[in-house]
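Student: Got a structure for you, questions after.
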Amino acid sequence: MPATRQKIQDLDALEVKSKQLNEEGKRIVLCHGTFDLIHTGHIRHLQEAKKQGDILFVTITADKYVNKGPSRPVFSEMLRAENLSALSCVDYVGIVASESAEEPIAQIKPNVYVKGNEYKNADDDLTGNITKEKQLVEKFGG
């Protein structure tokens with residue numbers, strides 16, 4: 001198993017790790033998405049996210065909850081997690097069995113939650129998840 005796969009953990013383990021790091025005074029950043037066909041925009045997004053704190057957690061939507069069209073995701077959740085874990089800016093990766101980031105936000109309780117520019121205007125989010133996710137982050141003091 002590649003060393004980077006050690007970064008991939010279930011949400012319960014990420015919750016414990018986040019709590020420990022928070023108690024050490026670390027600023028926790030969380031990004032969530034599909035991260036299927038990773039491109040330069042994704043990498044820049046994650047690098048910028050990392051600059052907003054000490055530790056970057058990235059959670060991805062599990063395969064059965066990805067709604068990006070036919071034949072998507074192209075890469076399985078484990079391959080997507082492996083790809084992310086290979087990036088030096090990413091400290092931990094988790095796979096989320098739901099359509100939104102509410103569960104990882106509630107468990108990881110990030111100081112900062114970073115989404116892409118396409119979510120800048122909450123009215124553009126047809127799912128309404130970004131508003132719920134923002135409210136949840138703020139509820140936990142992020």
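Residues are named by chain letter and number: chains run A, B, ... in the order of the structure tokens, numbers start at 1 in each chain, and ligands are numbered from 1 in the order shown.
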Neighbours of Ile38 (chain A) within 9 Å (only C-alpha atoms; same-chain residues fewer than 3 positions away dropped), as a count of residues only?
Tutor: 7
Student: With a distance cut-off of 10 Å and only C-alpha atoms, select the neighbouring residues of Leu87 (chain A), excluding the residue or stretch itself and same-chain residues fewer than 5 positions from it, and output the selection as a ChimeraX atom specification.
Tutor: /A:4,43,46-47,82
Student: Which of chain A counts as strand (DSSP E or B) under DSSP, as a list in words please?
Tutor: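 The strand (DSSP E or B) subset of chain A is Ile8, Ile28, Val29, Leu30, Cys31, His32, Gly33, Ile55, Leu56, Phe57, Val58, Thr59, Ile60, Thr61, Tyr92, Val93, Gly94, Ile95, Val96, Val112, Tyr113 and Val114 of chain A.
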Student: With C-alpha atoms kept, could you save the residues just selected as a PDB file, in the first residue's frame?
Tutor:
ATOM      1  CA  ILE A   8      -7.288   8.032   3.705  1.00  0.00           C
ATOM      2  CA  ILE A  28      -8.485  22.944  10.405  1.00  0.00           C
ATOM      3  CA  VAL A  29      -9.540  23.498   6.786  1.00  0.00           C
ATOM      4  CA  LEU A  30     -12.064  21.286   4.983  1.00  0.00           C
ATOM      5  CA  CYS A  31     -12.779  20.960   1.263  1.00  0.00           C
ATOM      6  CA  HIS A  32     -15.509  18.676  -0.039  1.00  0.00           C
ATOM      7  CA  GLY A  33     -16.449  17.624  -3.551  1.00  0.00           C
ATOM      8  CA  ILE A  55      -4.223  20.996   8.262  1.00  0.00           C
ATOM      9  CA  LEU A  56      -6.256  20.279   5.130  1.00  0.00           C
ATOM     10  CA  PHE A  57      -8.950  17.623   5.240  1.00  0.00           C
ATOM     11  CA  VAL A  58     -10.575  16.745   1.912  1.00  0.00           C
ATOM     12  CA  THR A  59     -13.742  14.697   1.771  1.00  0.00           C
ATOM     13  CA  ILE A  60     -15.242  13.272  -1.390  1.00  0.00           C
ATOM     14  CA  THR A  61     -18.718  12.167  -2.304  1.00  0.00           C
ATOM     15  CA  TYR A  92      -6.282  13.691   5.242  1.00  0.00           C
ATOM     16  CA  VAL A  93      -8.929  12.296   2.896  1.00  0.00           C
ATOM     17  CA  GLY A  94     -12.317  10.781   3.663  1.00  0.00           C
ATOM     18  CA  ILE A  95     -15.149   9.292   1.624  1.00  0.00           C
ATOM     19  CA  VAL A  96     -18.647  10.502   2.499  1.00  0.00           C
ATOM     20  CA  VAL A 112     -12.581  27.045   7.520  1.00  0.00           C
ATOM     21  CA  TYR A 113     -14.717  25.393   4.850  1.00  0.00           C
ATOM     22  CA  VAL A 114     -13.530  26.119   1.298  1.00  0.00           C
TER      23      VAL A 114
END
Student: Could you find all residues in chain A that DSSP calls alpha helix (DSSP H) from the backbone, and write them as a ChimeraX atom specification?
Tutor: /A:11-23,40-50,77-85,102-108,129-139
Student: Using CA of His45 (chain A) and CA of Pro110 (chain A) as the two end points, give the distance in Å to one decimal.
Tutor: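 So the answer is 16.7 Å.
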Student: Quick one: residues within 10 Å of Ser76 (chain A), only C-alpha atoms, excluding same-chain residues fewer than 4 positions away - as number ranges by chain?
Tutor: A: 36, 62-64, 72, 80-82
Student: Which of these, A:Val16, A:Gln52, A:Asn22, A:Lys115, has the shortest distance to Thr34 (chain A) once you count only C-alpha atoms?
Tutor: A:Lys115
Student: From the list A:Thr40, A:Gln135, A:Asn111, A:Ser98, which residue is nearest Gly25 (chain A) when using only C-alpha atoms?
Tutor: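 Of A:Thr40, A:Gln135, A:Asn111, A:Ser98, the one nearest Gly25 (chain A) is A:Asn111, counting only C-alpha atoms.
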